[in-house]
file coords-v2.pdb (PDB, C-alpha atoms and all ligand atoms)
MODEL        1
ATOM      1  CA  MET A1463     -14.940   5.572 -18.464
ATOM      2  CA  GLN A1464     -15.367   3.254 -15.508
ATOM      3  CA  ILE A1465     -14.464   4.001 -11.917
ATOM      4  CA  LEU A1466     -12.198   1.483 -10.215
ATOM      5  CA  ASP A1467     -13.998   1.475  -6.890
ATOM      6  CA  GLY A1468     -11.704   0.727  -3.955
ATOM      7  CA  LYS A1469     -14.662   0.264  -1.649
ATOM      8  CA  ILE A1470     -16.036  -2.602  -3.738
ATOM      9  CA  ALA A1471     -12.694  -4.254  -4.543
ATOM     10  CA  ALA A1472     -11.397  -3.998  -0.956
ATOM     11  CA  ALA A1473     -14.674  -5.383   0.421
ATOM     12  CA  ALA A1474     -14.320  -8.387  -1.892
ATOM     13  CA  VAL A1475     -10.775  -9.064  -0.641
ATOM     14  CA  ARG A1476     -11.876  -8.650   2.992
ATOM     15  CA  GLU A1477     -14.812 -10.996   2.442
ATOM     16  CA  SER A1478     -12.582 -13.767   1.093
ATOM     17  CA  LEU A1479     -10.082 -13.254   3.941
ATOM     18  CA  LYS A1480     -12.889 -13.316   6.493
ATOM     19  CA  THR A1481     -14.152 -16.628   5.121
ATOM     20  CA  GLU A1482     -10.655 -18.111   5.214
ATOM     21  CA  VAL A1483     -10.035 -16.925   8.786
ATOM     22  CA  SER A1484     -13.340 -18.329  10.004
ATOM     23  CA  GLN A1485     -12.503 -21.689   8.382
ATOM     24  CA  LEU A1486      -9.127 -21.700  10.142
ATOM     25  CA  LYS A1487     -10.768 -20.892  13.464
ATOM     26  CA  ALA A1488     -13.343 -23.647  12.879
ATOM     27  CA  GLN A1489     -10.395 -26.038  12.602
ATOM     28  CA  GLY A1490      -9.325 -24.910  16.080
ATOM     29  CA  LYS A1491      -6.492 -22.714  14.899
ATOM     30  CA  ARG A1492      -5.571 -19.378  16.503
ATOM     31  CA  ALA A1493      -6.368 -16.080  14.792
ATOM     32  CA  PRO A1494      -3.762 -14.249  12.663
ATOM     33  CA  HIS A1495      -2.277 -11.388  14.681
ATOM     34  CA  LEU A1496      -1.080  -7.998  13.408
ATOM     35  CA  ALA A1497       0.904  -5.731  15.742
ATOM     36  CA  VAL A1498       1.124  -2.039  14.867
ATOM     37  CA  ILE A1499       3.553   0.406  16.440
ATOM     38  CA  LEU A1500       2.552   4.064  16.335
ATOM     39  CA  VAL A1501       5.088   6.662  17.458
ATOM     40  CA  GLY A1502       3.740  10.126  18.335
ATOM     41  CA  ASN A1503       0.355  11.420  17.199
ATOM     42  CA  ASN A1504       0.616  12.541  13.583
ATOM     43  CA  GLY A1505      -3.011  13.066  12.475
ATOM     44  CA  ALA A1506      -2.778  11.154   9.196
ATOM     45  CA  SER A1507      -0.923   8.250  10.850
ATOM     46  CA  GLU A1508      -3.589   8.061  13.584
ATOM     47  CA  THR A1509      -6.271   7.758  10.895
ATOM     48  CA  TYR A1510      -4.408   5.092   8.909
ATOM     49  CA  VAL A1511      -3.579   3.036  11.986
ATOM     50  CA  ALA A1512      -7.180   3.183  13.254
ATOM     51  CA  SER A1513      -8.352   1.978   9.860
ATOM     52  CA  LYS A1514      -5.795  -0.858   9.742
ATOM     53  CA  GLN A1515      -6.937  -2.009  13.200
ATOM     54  CA  LYS A1516     -10.637  -1.765  12.380
ATOM     55  CA  ASN A1517     -10.196  -3.782   9.181
ATOM     56  CA  SER A1518      -8.064  -6.393  10.951
ATOM     57  CA  LEU A1519     -10.672  -6.962  13.644
ATOM     58  CA  GLU A1520     -13.495  -6.999  11.095
ATOM     59  CA  ILE A1521     -12.056 -10.047   9.314
ATOM     60  CA  GLY A1522     -11.283 -11.905  12.534
ATOM     61  CA  PHE A1523      -7.615 -11.041  13.057
ATOM     62  CA  LEU A1524      -6.181 -10.076  16.407
ATOM     63  CA  SER A1525      -4.774  -6.581  16.392
ATOM     64  CA  THR A1526      -2.432  -5.045  18.938
ATOM     65  CA  LEU A1527      -1.507  -1.369  18.977
ATOM     66  CA  VAL A1528       1.721  -0.314  20.674
ATOM     67  CA  ARG A1529       1.687   3.446  21.224
ATOM     68  CA  LEU A1530       4.940   5.228  21.931
ATOM     69  CA  ASP A1531       5.551   8.866  22.729
ATOM     70  CA  ALA A1532       7.089  11.072  19.993
ATOM     71  CA  THR A1533      10.108  11.539  22.252
ATOM     72  CA  VAL A1534      10.777   7.792  22.592
ATOM     73  CA  SER A1535      14.414   6.843  22.017
ATOM     74  CA  GLU A1536      15.438   4.784  19.022
ATOM     75  CA  GLU A1537      16.796   2.176  21.421
ATOM     76  CA  ILE A1538      13.430   1.692  23.135
ATOM     77  CA  LEU A1539      11.606   1.511  19.812
ATOM     78  CA  LEU A1540      14.049  -1.136  18.562
ATOM     79  CA  SER A1541      13.606  -3.148  21.757
ATOM     80  CA  GLU A1542       9.797  -3.023  21.311
ATOM     81  CA  ILE A1543      10.274  -4.438  17.826
ATOM     82  CA  GLU A1544      12.586  -7.142  19.161
ATOM     83  CA  SER A1545      10.014  -8.203  21.722
ATOM     84  CA  LEU A1546       7.355  -8.483  18.979
ATOM     85  CA  ASN A1547       9.875 -10.416  16.846
ATOM     86  CA  ASN A1548      10.229 -12.866  19.744
ATOM     87  CA  ASP A1549       6.488 -13.115  20.429
ATOM     88  CA  ALA A1550       5.271 -16.300  18.737
ATOM     89  CA  THR A1551       1.656 -15.082  18.903
ATOM     90  CA  VAL A1552       2.449 -12.096  16.631
ATOM     91  CA  ASP A1553       2.485 -12.806  12.877
ATOM     92  CA  GLY A1554       2.925  -9.369  11.364
ATOM     93  CA  ILE A1555       4.683  -6.236  12.604
ATOM     94  CA  LEU A1556       4.110  -2.795  11.155
ATOM     95  CA  VAL A1557       5.769   0.418  12.316
ATOM     96  CA  GLN A1558       3.742   3.316  10.980
ATOM     97  CA  LEU A1559       5.844   5.848   9.039
ATOM     98  CA  PRO A1560       6.918   8.620   9.134
ATOM     99  CA  LEU A1561       8.898   8.450  12.363
ATOM    100  CA  PRO A1562      10.259  11.398  14.372
ATOM    101  CA  LYS A1563      13.501  12.801  12.908
ATOM    102  CA  HIS A1564      15.741  11.434  15.678
ATOM    103  CA  ILE A1565      14.875   7.837  14.744
ATOM    104  CA  SER A1566      16.422   6.064  11.742
ATOM    105  CA  GLU A1567      13.597   4.587   9.651
ATOM    106  CA  GLN A1568      16.059   2.282   7.934
ATOM    107  CA  LYS A1569      17.311   0.871  11.234
ATOM    108  CA  VAL A1570      13.712   0.330  12.361
ATOM    109  CA  ILE A1571      12.780  -1.438   9.135
ATOM    110  CA  GLU A1572      15.863  -3.649   9.291
ATOM    111  CA  THR A1573      15.099  -4.658  12.896
ATOM    112  CA  ILE A1574      11.763  -6.246  11.953
ATOM    113  CA  ASN A1575      12.059 -10.015  11.453
ATOM    114  CA  PRO A1576      11.703 -10.496   7.662
ATOM    115  CA  ASN A1577       9.205 -13.302   8.367
ATOM    116  CA  LYS A1578       6.933 -10.721  10.041
ATOM    117  CA  ASP A1579       7.609  -7.848   7.606
ATOM    118  CA  VAL A1580       4.016  -7.399   6.416
ATOM    119  CA  ASP A1581       4.854  -3.905   5.094
ATOM    120  CA  GLY A1582       7.385  -5.475   2.720
ATOM    121  CA  PHE A1583       9.898  -2.714   3.462
ATOM    122  CA  HIS A1584      12.752  -4.908   4.771
ATOM    123  CA  PRO A1585      15.713  -5.264   2.362
ATOM    124  CA  VAL A1586      15.100  -9.042   2.328
ATOM    125  CA  SER A1587      11.515  -8.485   1.108
ATOM    126  CA  ALA A1588      12.614  -5.841  -1.411
ATOM    127  CA  GLY A1589      15.387  -8.127  -2.715
ATOM    128  CA  ASN A1590      13.004 -11.060  -3.065
ATOM    129  CA  LEU A1591      10.556  -8.872  -4.974
ATOM    130  CA  VAL A1592      13.270  -7.855  -7.454
ATOM    131  CA  LEU A1593      14.309 -11.495  -7.903
ATOM    132  CA  GLY A1594      10.739 -12.733  -8.368
ATOM    133  CA  ILE A1595      10.855 -14.819  -5.174
ATOM    134  CA  PRO A1596       7.460 -14.962  -3.375
ATOM    135  CA  THR A1597       7.583 -12.385  -0.578
ATOM    136  CA  PHE A1598       5.716  -9.629   1.263
ATOM    137  CA  ILE A1599       4.777  -6.955  -1.281
ATOM    138  CA  PRO A1600       4.466  -3.357  -0.023
ATOM    139  CA  ALA A1601       0.796  -2.822   0.716
ATOM    140  CA  THR A1602       0.010   0.006  -1.708
ATOM    141  CA  PRO A1603       1.450  -1.564  -4.879
ATOM    142  CA  TYR A1604      -0.010  -4.898  -3.740
ATOM    143  CA  GLY A1605      -3.402  -3.214  -3.337
ATOM    144  CA  ILE A1606      -3.128  -1.798  -6.863
ATOM    145  CA  MET A1607      -2.375  -5.268  -8.241
ATOM    146  CA  LEU A1608      -5.444  -6.579  -6.382
ATOM    147  CA  MET A1609      -7.498  -3.755  -7.889
ATOM    148  CA  LEU A1610      -6.304  -4.644 -11.436
ATOM    149  CA  GLU A1611      -7.185  -8.270 -10.688
ATOM    150  CA  HIS A1612     -10.627  -7.444  -9.272
ATOM    151  CA  TYR A1613     -11.591  -5.458 -12.382
ATOM    152  CA  ASN A1614      -9.684  -7.830 -14.695
ATOM    153  CA  ILE A1615      -7.735  -5.012 -16.362
ATOM    154  CA  PRO A1616      -5.493  -6.413 -19.119
ATOM    155  CA  THR A1617      -1.829  -5.532 -18.559
ATOM    156  CA  LYS A1618       0.187  -7.985 -20.682
ATOM    157  CA  GLY A1619       2.227  -6.148 -23.325
ATOM    158  CA  LYS A1620       0.954  -2.733 -22.210
ATOM    159  CA  HIS A1621       3.142   0.287 -21.598
ATOM    160  CA  ALA A1622       2.877   1.323 -17.942
ATOM    161  CA  VAL A1623       4.216   4.693 -16.854
ATOM    162  CA  VAL A1624       4.872   5.045 -13.122
ATOM    163  CA  ILE A1625       5.383   8.583 -11.818
ATOM    164  CA  GLY A1626       7.410   8.449  -8.605
ATOM    165  CA  ARG A1627      10.224   6.172  -7.451
ATOM    166  CA  SER A1628       9.624   5.872  -3.701
ATOM    167  CA  ASN A1629      10.555   2.653  -1.909
ATOM    168  CA  ILE A1630       6.960   2.402  -0.672
ATOM    169  CA  VAL A1631       5.080   2.798  -3.954
ATOM    170  CA  GLY A1632       6.778   3.780  -7.232
ATOM    171  CA  ARG A1633       9.729   1.418  -7.278
ATOM    172  CA  PRO A1634       7.928  -1.765  -6.122
ATOM    173  CA  MET A1635       5.012  -0.867  -8.426
ATOM    174  CA  SER A1636       7.366  -0.700 -11.420
ATOM    175  CA  ILE A1637       8.835  -4.104 -10.501
ATOM    176  CA  LEU A1638       5.414  -5.749 -10.116
ATOM    177  CA  LEU A1639       4.061  -4.376 -13.386
ATOM    178  CA  SER A1640       7.153  -5.559 -15.276
ATOM    179  CA  SER A1641       7.204  -8.995 -13.573
ATOM    180  CA  ASN A1642       5.877 -12.180 -15.112
ATOM    181  CA  LEU A1643       2.634 -12.124 -13.110
ATOM    182  CA  PRO A1644      -1.029 -12.470 -14.095
ATOM    183  CA  TYR A1645      -1.439  -8.669 -13.929
ATOM    184  CA  GLY A1646       2.147  -7.825 -14.867
ATOM    185  CA  ASN A1647       4.124  -8.277 -18.072
ATOM    186  CA  CYS A1648       4.036  -4.569 -18.886
ATOM    187  CA  THR A1649       6.837  -2.553 -20.409
ATOM    188  CA  VAL A1650       7.499  -0.028 -17.658
ATOM    189  CA  THR A1651       8.809   3.527 -17.653
ATOM    190  CA  ILE A1652       9.588   5.137 -14.290
ATOM    191  CA  CYS A1653       9.424   8.936 -14.204
ATOM    192  CA  HIS A1654      10.746  11.120 -11.389
ATOM    193  CA  SER A1655      11.795  14.654 -10.558
ATOM    194  CA  HIS A1656      14.703  14.513 -13.036
ATOM    195  CA  THR A1657      12.658  13.252 -15.987
ATOM    196  CA  PRO A1658      12.730  16.087 -18.552
ATOM    197  CA  ASN A1659      10.005  14.815 -20.933
ATOM    198  CA  LEU A1660       7.483  13.547 -18.401
ATOM    199  CA  LYS A1661       4.447  14.729 -20.353
ATOM    200  CA  GLU A1662       5.547  12.946 -23.562
ATOM    201  CA  LEU A1663       6.231   9.737 -21.651
ATOM    202  CA  CYS A1664       2.885   9.851 -19.810
ATOM    203  CA  LEU A1665       1.122  10.313 -23.139
ATOM    204  CA  GLN A1666       2.558   6.959 -24.230
ATOM    205  CA  GLY A1667       1.160   5.183 -21.179
ATOM    206  CA  ASP A1668      -1.601   2.607 -21.577
ATOM    207  CA  ILE A1669      -1.512   2.512 -17.788
ATOM    208  CA  VAL A1670      -0.380   5.531 -15.760
ATOM    209  CA  VAL A1671       0.289   5.234 -12.026
ATOM    210  CA  ALA A1672       0.643   8.622 -10.330
ATOM    211  CA  ALA A1673       2.541   8.310  -7.046
ATOM    212  CA  LEU A1674       4.413  11.555  -6.546
ATOM    213  CA  GLY A1675       2.332  13.279  -3.853
ATOM    214  CA  ARG A1676       1.517  16.480  -5.750
ATOM    215  CA  PRO A1677      -2.223  17.241  -5.845
ATOM    216  CA  GLY A1678      -3.673  17.544  -9.352
ATOM    217  CA  PHE A1679      -0.278  17.095 -11.058
ATOM    218  CA  VAL A1680      -1.553  14.821 -13.845
ATOM    219  CA  LYS A1681      -3.591  16.905 -16.322
ATOM    220  CA  GLU A1682      -5.739  15.841 -19.258
ATOM    221  CA  ASP A1683      -3.060  16.797 -21.824
ATOM    222  CA  MET A1684      -0.735  14.180 -20.269
ATOM    223  CA  ILE A1685      -3.070  11.205 -20.732
ATOM    224  CA  LYS A1686      -3.933   9.434 -23.971
ATOM    225  CA  ASP A1687      -7.487   8.457 -24.815
ATOM    226  CA  GLY A1688      -8.517   5.166 -23.240
ATOM    227  CA  ALA A1689      -5.641   4.953 -20.739
ATOM    228  CA  VAL A1690      -6.024   3.337 -17.315
ATOM    229  CA  VAL A1691      -5.165   5.888 -14.610
ATOM    230  CA  ILE A1692      -4.268   4.850 -11.059
ATOM    231  CA  ASP A1693      -4.052   7.716  -8.558
ATOM    232  CA  VAL A1694      -1.990   6.986  -5.451
ATOM    233  CA  GLY A1695      -1.979  10.568  -4.094
ATOM    234  CA  ILE A1696      -3.478  11.178  -0.642
ATOM    235  CA  THR A1697      -2.365  14.709   0.224
ATOM    236  CA  ARG A1698      -4.235  16.655   2.905
ATOM    237  CA  VAL A1699      -5.193  20.026   1.432
ATOM    238  CA  PRO A1700      -6.652  22.796   3.646
ATOM    239  CA  ASP A1701     -10.401  23.149   3.009
ATOM    240  CA  GLU A1702     -12.503  25.360   5.238
ATOM    241  CA  THR A1703     -15.752  23.862   3.963
ATOM    242  CA  LYS A1704     -14.827  20.561   5.668
ATOM    243  CA  LYS A1705     -15.393  19.876   9.346
ATOM    244  CA  SER A1706     -11.868  18.454   9.592
ATOM    245  CA  GLY A1707     -10.429  21.590   7.921
ATOM    246  CA  PHE A1708      -8.923  19.572   5.048
ATOM    247  CA  ARG A1709      -9.787  17.369   2.105
ATOM    248  CA  ILE A1710      -7.833  14.474   0.625
ATOM    249  CA  ALA A1711      -6.463  15.298  -2.830
ATOM    250  CA  GLY A1712      -5.081  12.865  -5.405
ATOM    251  CA  ASP A1713      -2.198  13.395  -7.840
ATOM    252  CA  VAL A1714      -4.612  13.429 -10.786
ATOM    253  CA  ASP A1715      -6.865  16.281 -11.913
ATOM    254  CA  PHE A1716      -9.754  13.797 -11.792
ATOM    255  CA  GLU A1717     -12.519  16.012 -13.195
ATOM    256  CA  ASN A1718     -10.662  16.748 -16.428
ATOM    257  CA  VAL A1719      -8.685  13.516 -16.802
ATOM    258  CA  ALA A1720     -11.492  11.005 -16.066
ATOM    259  CA  PRO A1721     -13.483  11.542 -19.320
ATOM    260  CA  LYS A1722     -10.410  10.538 -21.374
ATOM    261  CA  THR A1723      -9.737   7.288 -19.531
ATOM    262  CA  SER A1724     -11.057   3.730 -19.835
ATOM    263  CA  TYR A1725     -10.651   3.199 -16.080
ATOM    264  CA  ILE A1726      -9.668   5.540 -13.283
ATOM    265  CA  THR A1727      -9.367   5.344  -9.489
ATOM    266  CA  PRO A1728     -11.021   8.124  -7.471
ATOM    267  CA  VAL A1729      -9.468   9.852  -4.438
ATOM    268  CA  PRO A1730     -10.721   9.171  -1.850
ATOM    269  CA  GLY A1731     -12.319   5.764  -2.429
ATOM    270  CA  GLY A1732      -9.682   4.207  -4.665
ATOM    271  CA  VAL A1733      -6.168   2.963  -3.974
ATOM    272  CA  GLY A1734      -6.171   4.022  -0.289
ATOM    273  CA  LEU A1735      -8.730   1.357   0.605
ATOM    274  CA  MET A1736      -6.835  -1.287  -1.356
ATOM    275  CA  THR A1737      -3.662  -0.625   0.626
ATOM    276  CA  ILE A1738      -5.249  -2.105   3.724
ATOM    277  CA  ALA A1739      -6.431  -5.115   1.718
ATOM    278  CA  GLY A1740      -2.795  -5.721   0.698
ATOM    279  CA  LEU A1741      -1.639  -5.463   4.299
ATOM    280  CA  LEU A1742      -4.275  -7.948   5.490
ATOM    281  CA  LYS A1743      -3.310 -10.439   2.784
ATOM    282  CA  ASN A1744       0.354 -10.133   3.784
ATOM    283  CA  THR A1745      -0.575 -10.763   7.421
ATOM    284  CA  LEU A1746      -2.425 -13.945   6.498
ATOM    285  CA  VAL A1747       0.622 -15.111   4.499
ATOM    286  CA  ALA A1748       2.858 -14.459   7.544
ATOM    287  CA  TYR A1749       0.437 -16.392   9.750
ATOM    288  CA  LYS A1750       0.314 -19.375   7.395
ATOM    289  CA  LYS A1751       4.103 -19.466   7.240
ATOM    290  CA  ALA A1752       4.294 -19.380  11.043
ATOM    291  CA  GLU A1753       1.689 -22.136  11.344
ATOM    292  CA  GLY A1754       3.180 -24.248   8.557
ATOM    293  CA  ILE A1755      -0.009 -24.061   6.483
ATOM    294  CA  GLU A1756       0.363 -24.597   2.662
TER     295      GLU A1756
HETATM  296  N1  LIG A1801       3.043   5.471   5.984
HETATM  297  C1  LIG A1801       2.460   5.699   4.785
HETATM  298  N2  LIG A1801       2.222   4.541   4.150
HETATM  299  C2  LIG A1801       2.666   3.561   4.961
HETATM  300  C3  LIG A1801       2.677   2.145   4.842
HETATM  301  O1  LIG A1801       2.267   1.534   3.853
HETATM  302  N3  LIG A1801       3.207   1.480   5.900
HETATM  303  C4  LIG A1801       3.705   2.124   6.990
HETATM  304  N4  LIG A1801       4.226   1.373   7.958
HETATM  305  N5  LIG A1801       3.707   3.425   7.119
HETATM  306  C5  LIG A1801       3.182   4.140   6.099
ENDMDL
END
call {"tool": "encode", "arguments": {"input": "coords-v2.pdb", "output": "structure tokens"}}
result
Amino acid sequence: MQILDGKIAAAAVRESLKTEVSQLKAQGKRAPHLAVILVGNNGASETYVASKQKNSLEIGFLSTLVRLDATVSEEILLSEIESLNNDATVDGILVQLPLPKHISEQKVIETINPNKDVDGFHPVSAGNLVLGIPTFIPATPYGIMLMLEHYNIPTKGKHAVVIGRSNIVGRPMSILLSSNLPYGNCTVTICHSHTPNLKELCLQGDIVVAALGRPGFVKEDMIKDGAVVIDVGITRVPDETKKSGFRIAGDVDFENVAPKTSYITPVPGGVGLMTIAGLLKNTLVAYKKAEGIE
């Protein structure tokens, strides 16, 4: 069993981005610029946004944070997005989810200019992904593909089982793994809450991606010997032994599943770190498009 270490793989991606950005700056070009909108003060969102900003700055990007009160109207949020759409110095726009109940996430996503949709959530990006047209790939599945690439995990002809069908992870993941890509070409099964024989299907998986948000859901009797297990879960579970009062739990019962696997991602320290790497790569793509590079 080998750990797929998100710290190492994400650092490698950041390093190559950092080099590229410094070369661009040496040519007199401006820095790529990511704008993040954070509505309210959800604890997990605060942490993710801080991390996205820190990583952006670390590799030489500009990063702007637009903070809006939880009571902000949908109209004002949409007009903030419009002004970032119209700002030629902003390459990528990200509105951190979830949003307060009175705001339509779909409307927000659809207001972002598809050329700046570094989250890959806009219907134009999602449609392009399905059609195999180069586009912004949602950051978490993109990060997983980068992880497979970093560790050179063979995928061609393998059976991948994806648990979860969310627009953010499960569905785009299933499309990427089935696409004709260097780390794609899998036969893919998508499981969800209405899948009656989930255990039997998981047992057939050469690669199992758990993205359902239920801590410890994947047990050792669901995984075949030598499988590759990717854990996307990042649930906050109360834990009084921690200073924060919680710990981050994955969807996989790591302790018991890990010995059966060929490769497995830990939580924390796995996919979560790769997500930011995917976002940064998308932002550089948006920048290059805006600048007419490549
Ligand atoms: N909330 C949880 N994951 C994500 C993500 O990838 N992007 C955004 N914008 N919000 C999220």
call {"tool": "atom_distance", "arguments": {"input": "coords-v2.pdb", "atom1": "atom CA of Leu1546 of chain A", "atom2": "atom CA of Ala1739 of chain A"}}
result
22.3 Å
call {"tool": "closest_residue", "arguments": {"input": "coords-v2.pdb", "among": "A:Asp1579, A:Glu1756, A:Asp1467, A:Asp1715", "to": "ligand LIG 1801 (chain A)", "atoms": "only C-alpha atoms and all ligand atoms"}}
result
A:Asp1579
call {"tool": "closest_residue", "arguments": {"input": "coords-v2.pdb", "among": "A:Val1511, A:Ile1669, A:Leu1556, A:Leu1486", "to": "ligand LIG 1801 (chain A)", "atoms": "all atoms listed in the file"}}
result
A:Leu1556
call {"tool": "residues_around", "arguments": {"input": "coords-v2.pdb", "residues": "Leu1591 of chain A", "least_positions_apart": "5", "cutoff": "10 Å", "atoms": "all atoms listed in the file", "output": "list in words"}}
result
Gly1582, Pro1585, Val1586, Pro1596, Thr1597, Phe1598, Ile1599, Pro1600, Pro1634, Ile1637, Leu1638 and Ser1641 of chain A
call {"tool": "write_last_selection", "arguments": {"input": "coords-v2.pdb", "atoms": "C-alpha atoms", "output": "mmCIF file, in the coordinates of the input"}}
result
data_model
loop_
_atom_site.group_PDB
_atom_site.id
_atom_site.type_symbol
_atom_site.label_atom_id
_atom_site.label_comp_id
_atom_site.auth_asym_id
_atom_site.auth_seq_id
_atom_site.Cartn_x
_atom_site.Cartn_y
_atom_site.Cartn_z
ATOM 1 C CA GLY A 1582 7.385 -5.475 2.720
ATOM 2 C CA PRO A 1585 15.713 -5.264 2.362
ATOM 3 C CA VAL A 1586 15.100 -9.042 2.328
ATOM 4 C CA PRO A 1596 7.460 -14.962 -3.375
ATOM 5 C CA THR A 1597 7.583 -12.385 -0.578
ATOM 6 C CA PHE A 1598 5.716 -9.629 1.263
ATOM 7 C CA ILE A 1599 4.777 -6.955 -1.281
ATOM 8 C CA PRO A 1600 4.466 -3.357 -0.023
ATOM 9 C CA PRO A 1634 7.928 -1.765 -6.122
ATOM 10 C CA ILE A 1637 8.835 -4.104 -10.501
ATOM 11 C CA LEU A 1638 5.414 -5.749 -10.116
ATOM 12 C CA SER A 1641 7.204 -8.995 -13.573
#
call {"tool": "residues_around", "arguments": {"input": "coords-v2.pdb", "residues": "Ala1689 of chain A", "least_positions_apart": "6", "cutoff": "6 Å", "atoms": "all atoms listed in the file", "output": "ChimeraX atom specification"}}
result
/A:1668-1669,1723-1724
call {"tool": "resolve_selection", "arguments": {"input": "coords-v2.pdb", "expression": "the PyMOL selection byres (((chain A and resi 1652) around 6) and not hetatm)", "output": "PyMOL selection string"}}
result
chain A and resi 1623-1625+1651+1653
call {"tool": "residues_near_ligand", "arguments": {"input": "coords-v2.pdb", "ligand": "ligand LIG 1801 (chain A)", "cutoff": "9 Å", "atoms": "all atoms listed in the file", "output": "number ranges by chain"}}
result
A: 1498-1500, 1506-1507, 1510-1511, 1555-1561, 1580-1583, 1600-1602, 1630-1631, 1737-1738, 1741
call {"tool": "write_last_selection", "arguments": {"input": "coords-v2.pdb", "atoms": "C-alpha atoms", "output": "mmCIF file, in the frame of the given file"}}
result
data_model
loop_
_atom_site.group_PDB
_atom_site.id
_atom_site.type_symbol
_atom_site.label_atom_id
_atom_site.label_comp_id
_atom_site.auth_asym_id
_atom_site.auth_seq_id
_atom_site.Cartn_x
_atom_site.Cartn_y
_atom_site.Cartn_z
ATOM 1 C CA VAL A 1498 1.124 -2.039 14.867
ATOM 2 C CA ILE A 1499 3.553 0.406 16.440
ATOM 3 C CA LEU A 1500 2.552 4.064 16.335
ATOM 4 C CA ALA A 1506 -2.778 11.154 9.196
ATOM 5 C CA SER A 1507 -0.923 8.250 10.850
ATOM 6 C CA TYR A 1510 -4.408 5.092 8.909
ATOM 7 C CA VAL A 1511 -3.579 3.036 11.986
ATOM 8 C CA ILE A 1555 4.683 -6.236 12.604
ATOM 9 C CA LEU A 1556 4.110 -2.795 11.155
ATOM 10 C CA VAL A 1557 5.769 0.418 12.316
ATOM 11 C CA GLN A 1558 3.742 3.316 10.980
ATOM 12 C CA LEU A 1559 5.844 5.848 9.039
ATOM 13 C CA PRO A 1560 6.918 8.620 9.134
ATOM 14 C CA LEU A 1561 8.898 8.450 12.363
ATOM 15 C CA VAL A 1580 4.016 -7.399 6.416
ATOM 16 C CA ASP A 1581 4.854 -3.905 5.094
ATOM 17 C CA GLY A 1582 7.385 -5.475 2.720
ATOM 18 C CA PHE A 1583 9.898 -2.714 3.462
ATOM 19 C CA PRO A 1600 4.466 -3.357 -0.023
ATOM 20 C CA ALA A 1601 0.796 -2.822 0.716
ATOM 21 C CA THR A 1602 0.010 0.006 -1.708
ATOM 22 C CA ILE A 1630 6.960 2.402 -0.672
ATOM 23 C CA VAL A 1631 5.080 2.798 -3.954
ATOM 24 C CA THR A 1737 -3.662 -0.625 0.626
ATOM 25 C CA ILE A 1738 -5.249 -2.105 3.724
ATOM 26 C CA LEU A 1741 -1.639 -5.463 4.299
#
call {"tool": "decode", "arguments": {"input": "coords-v2.pdb", "residues": "segment 1482-1503 of chain A", "atoms": "C-alpha atoms", "output": "PDB file, in the first residue's frame"}}
result
ATOM      1  CA  GLU A1482       5.726  29.616 -15.165  1.00  0.00           C
ATOM      2  CA  VAL A1483       4.357  32.748 -13.469  1.00  0.00           C
ATOM      3  CA  SER A1484       7.832  34.071 -12.732  1.00  0.00           C
ATOM      4  CA  GLN A1485       8.810  33.521 -16.387  1.00  0.00           C
ATOM      5  CA  LEU A1486       5.723  35.451 -17.505  1.00  0.00           C
ATOM      6  CA  LYS A1487       6.537  38.286 -15.122  1.00  0.00           C
ATOM      7  CA  ALA A1488      10.145  38.315 -16.363  1.00  0.00           C
ATOM      8  CA  GLN A1489       8.711  38.932 -19.835  1.00  0.00           C
ATOM      9  CA  GLY A1490       6.983  42.021 -18.426  1.00  0.00           C
ATOM     10  CA  LYS A1491       3.543  40.476 -18.268  1.00  0.00           C
ATOM     11  CA  ARG A1492       1.036  41.142 -15.471  1.00  0.00           C
ATOM     12  CA  ALA A1493       0.298  38.521 -12.820  1.00  0.00           C
ATOM     13  CA  PRO A1494      -2.701  36.155 -13.124  1.00  0.00           C
ATOM     14  CA  HIS A1495      -5.508  37.391 -10.875  1.00  0.00           C
ATOM     15  CA  LEU A1496      -8.071  35.306  -8.970  1.00  0.00           C
ATOM     16  CA  ALA A1497     -11.058  37.046  -7.364  1.00  0.00           C
ATOM     17  CA  VAL A1498     -12.936  35.188  -4.632  1.00  0.00           C
ATOM     18  CA  ILE A1499     -16.342  36.181  -3.303  1.00  0.00           C
ATOM     19  CA  LEU A1500     -17.189  34.982   0.196  1.00  0.00           C
ATOM     20  CA  VAL A1501     -20.728  35.508   1.477  1.00  0.00           C
ATOM     21  CA  GLY A1502     -21.251  35.279   5.252  1.00  0.00           C
ATOM     22  CA  ASN A1503     -18.811  33.587   7.620  1.00  0.00           C
TER      23      ASN A1503
END
